[in-house]
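Each remark here refers to the structure printed beneath this line.
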Amino acid sequence: MAAAGGVQAASSMETPSWAVRIRGADGEIAGAGILLSPDRVLTCAHVVDRAAERVTAEFVGAADHSVPAVTAWVDGTAYVPETQDADGDPSGDVALLRLERPRPAEDTVRLHRLATPGREVRMYGFPYDHNGGIWFRATVVGGCGRDGQVQLSPTSPGELASPGCSGAGVADSYTGEVIGMVLTGQRDQHGNLFSFMSPAETIARHLPQAEPFIVGPTAVDDRLRSTADDAAEALLDEPFAQRLAAWFRDDGHQVKISVVRHEDAARAATLRRAITLADRELRTAVSVDRASLDPPGTVPSAGGHDLAVHAGGLTAAEIAERIAERMGLWHQPAVSAPDRIRAAKVTLNLVVVGVDEALDPPALLDLLEVLRAGGSRLLLVFRTAGACHRRARYQLLTRPAQERRARLVERLKEITGPLAGALYERRAAVVPDGVRPVDSDLVAAHAALADLLRAAGRDTAQGPDLARYERLADRVAARLARALGRLDRLRDRRDELTGRLRSYHVLHQHSTQGEEDPVVDALYLRAHDLLRTRPCDVRAAEAAVEAYTRRVDGRGAESSV
């Protein structure tokens with residue numbers, strides 16, 4: 001089988017043996033496909049004309065460098081066309097083809113369940129200009145829509161998935177595993193480029209026939225899956241459901257900590273329901289339809305989490321192995337799972353239920369701190385509000401918020417102090433021609449800093465909105481940088497004009513041998529005064545220097561005649 005995984009597999013840029021070029025009944029390239037088994041090819045439904053009896057699958061990565069062509073057709077009912085809901089969100093667009101003749105088993109590949117946030121990926125498709133096949137690179141941005149599709153950002157504008165790429169396998173650049181299938185690419189009205197893929201879990205939900213060709217553990221522990229009894233209206237804790245749905249939709253909170261006691265049946269059922277609906281593979285049409293009858297704001301987005309673990313009876317090391325596997329950090333005897341997680345630049349959205357029921361809760365909290373520091377999002381559920389819960393709140397919420405607030409204070413001090421001082425210094429040197437005023441931004445930064453300093457020592461949960469002030473700091477710092485850059489260019493231009501004026505003055509004096517010329521001298525004095533005035537009006541000085549140099553050049557031409 002082609003997909004052995006690992007960095008070695010990821011580094012190969014050869015044509016993959018599992019890559020399939022699909023031609024329609026008219027002989028034109030319709031798209032791409034993935035060879036999942038000797039006689040099955042996965043592709044997009046829109047690549048296949050259901051009305052046509054046959055398509056042609058071409059294997060461009062064959063070992064003997066030939067391009068075998070095999071007739072193929074839709075495998076029974078394994079065809080889910082794209083549909084759109086009332087909001088225009090697409091769903092489906094997957095199909096499984098059966099080959100007339102089998103291909104070698106070693107040419108096949110399995111789809112792999114992996115956490116996707118931030119991963120660098122590659123796709124092998126067949127666009128019009130490269131119909132022999134070409135790699136496209138991208139980075140996973142995040143989930144989009146209700147179907148659990150994933151948005152990709154092309155590494156360069158020329159790597160946008162284009163016609164001929166639909167149905168191509170999406171390979172994780174770190175592990176080499178194929179983790180999904182390209183659906184389409186688009187350029188929006190603002191010129192932004194996006195590609196979209198259906199990950200392995202979403203494909204499994206739409207095409208049960210493809211599940212035998214999908215490997216890797218599912219995202220949700222059995223004990224955390226919603227049951228038929230959970231659908232009872234009495235078992236929905238609406239406020240809790242809304243808070244969970246908001247976190248799964250990324251409400252801006254990296255860590256959420258809740259208490260769900262064993263005896264609280266409604267809260268426990270609400271938690272299982274949210275975890276199930278947020279999973280790409282478990283979010284069936286039936287569950288979505290049922291949930292749609294529930295109160296607004298209680299239905300989470302598909303793909304809201306990457307892994308949901310029940311910690312009860314497990315060690316931190318066992319949980320770490322589960323997390324590392326989901327991240328694609330395969331087992332290494334000499335390197336522990338926490339060390340692999342700490343060293344990797346991989347994040348995920350993690351749910352851990354029963355943190356205080358793990359066999360070693362302190363070690364688990366240390367592992368969760370590693371994940372938090374690395375950028376992962378955490379939804380943590382405790383059974384009691386005891387010592388473990390209090391430590392978690394301090395270690396994962398209070399202390400990071402205090403450190404975050406301290407960093408923000410220092411940044412705002414830098415903005416309102418040295419950076420503002422540099423701005424005033426440059427504005428004293430040159431007229432800020434073409435520079436956007438930033439005084440109101442600095443006033444806002446001063447107000448934010450004062451608010452943060454007043455809140456020092458208070459509970460961070462009751463303090464200022466750090467995210468809002470961070471956005472403010474980003475905005476003001478960017479505007480200051482642009483203003484300083486423009487002012488520096490004006491100052492450099494002033495110095496350049498000063499040097500030009502000086503050199504022309506020497507040239508003029510040499511050419512006239514001390515003879516006075518009131519007109520030229522007046523032009524020189526005007527340019528000289530404008531350049532010495534503070535702040536210097538660079539535009540006016542530029543015009544004055546130009547007038548003087550033109551006059552000097554003109555006198556030089558007259559003298560030569």
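Chain identifiers are assigned as A, B, and so on, following the order in which chains appear in the structure tokens; residues are numbered from 1 within each chain, and ligands are numbered from 1 in order of appearance.
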Identify, on the basis of only C-alpha atoms, every residue whose closest approach to stretch 276-284 of chain A does not exceed 10 Å; exclude the query and any residue fewer than 3 positions from it along the same chain; express the result as a PyMOL selection string. chain A and resi 143+146-149+198-206+218-220+224-227+244-245+248-249+270-273+287-291+299-308
Close residues, A:Lys413 itself excluded, 12 Å, only C-alpha atoms, min 2 positions apart in chain, as a VMD selection string: chain A and resid 406 to 411 415 to 421 442 445 to 450 452 to 453 473 477
Please provide the set of residues having any atom within 8 Å of stretch 49-58 of chain A, restricted to only C-alpha atoms, with same-chain residues fewer than 4 positions apart removed, written as a list in words. Val20, Arg21, Ile22, Arg23, Gly24, Ala25, Ala45, Val67, Pro68, Ala69, Val70, Thr71, Ala72, Trp73, Val74 and Leu99 of chain A
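Shell of stretch 194-197 of chain A at 6 Å, with only C-alpha atoms counted and residues fewer than 4 places along the chain excluded, is A:Gln149, A:Val150, A:Gln151, A:Leu152, A:Ser153, A:Ala161, A:Met181, A:Val182, A:Leu183, A:Thr184, A:Gly185, A:Gln186.
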Pick out the residues sitting within 7 Å of stretch 234-240 of chain A, and hand them over as JSON, numbers by chain; count only C-alpha atoms, and ignore anything fewer than 4 positions along from it in its own chain. {"A": [230, 244, 265, 266, 267, 269, 270, 298]}
Could the residues in this selection be written to a file with C-alpha atoms, as a short mmCIF file (atom, residue, chain, number, x, y, z; two decimals), in the first residue's frame?
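Okay, this is what ended up in result.cif:
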data_model
loop_
_atom_site.label_atom_id
_atom_site.label_comp_id
_atom_site.auth_asym_id
_atom_site.auth_seq_id
_atom_site.Cartn_x
_atom_site.Cartn_y
_atom_site.Cartn_z
CA ASP A 230 -30.73 12.01 25.09
CA LEU A 244 -21.17 24.63 24.41
CA ALA A 265 -28.83 13.80 33.81
CA ALA A 266 -29.93 16.82 31.74
CA ARG A 267 -26.51 18.44 31.77
CA ALA A 269 -27.15 14.45 28.04
CA THR A 270 -26.66 18.01 26.76
CA THR A 298 -27.84 25.19 20.73
#
Option closest in space to A:Leu36, from A:Glu211, A:Trp135, A:Gly142, A:Gly76 [counting only C-alpha atoms]: A:Glu211
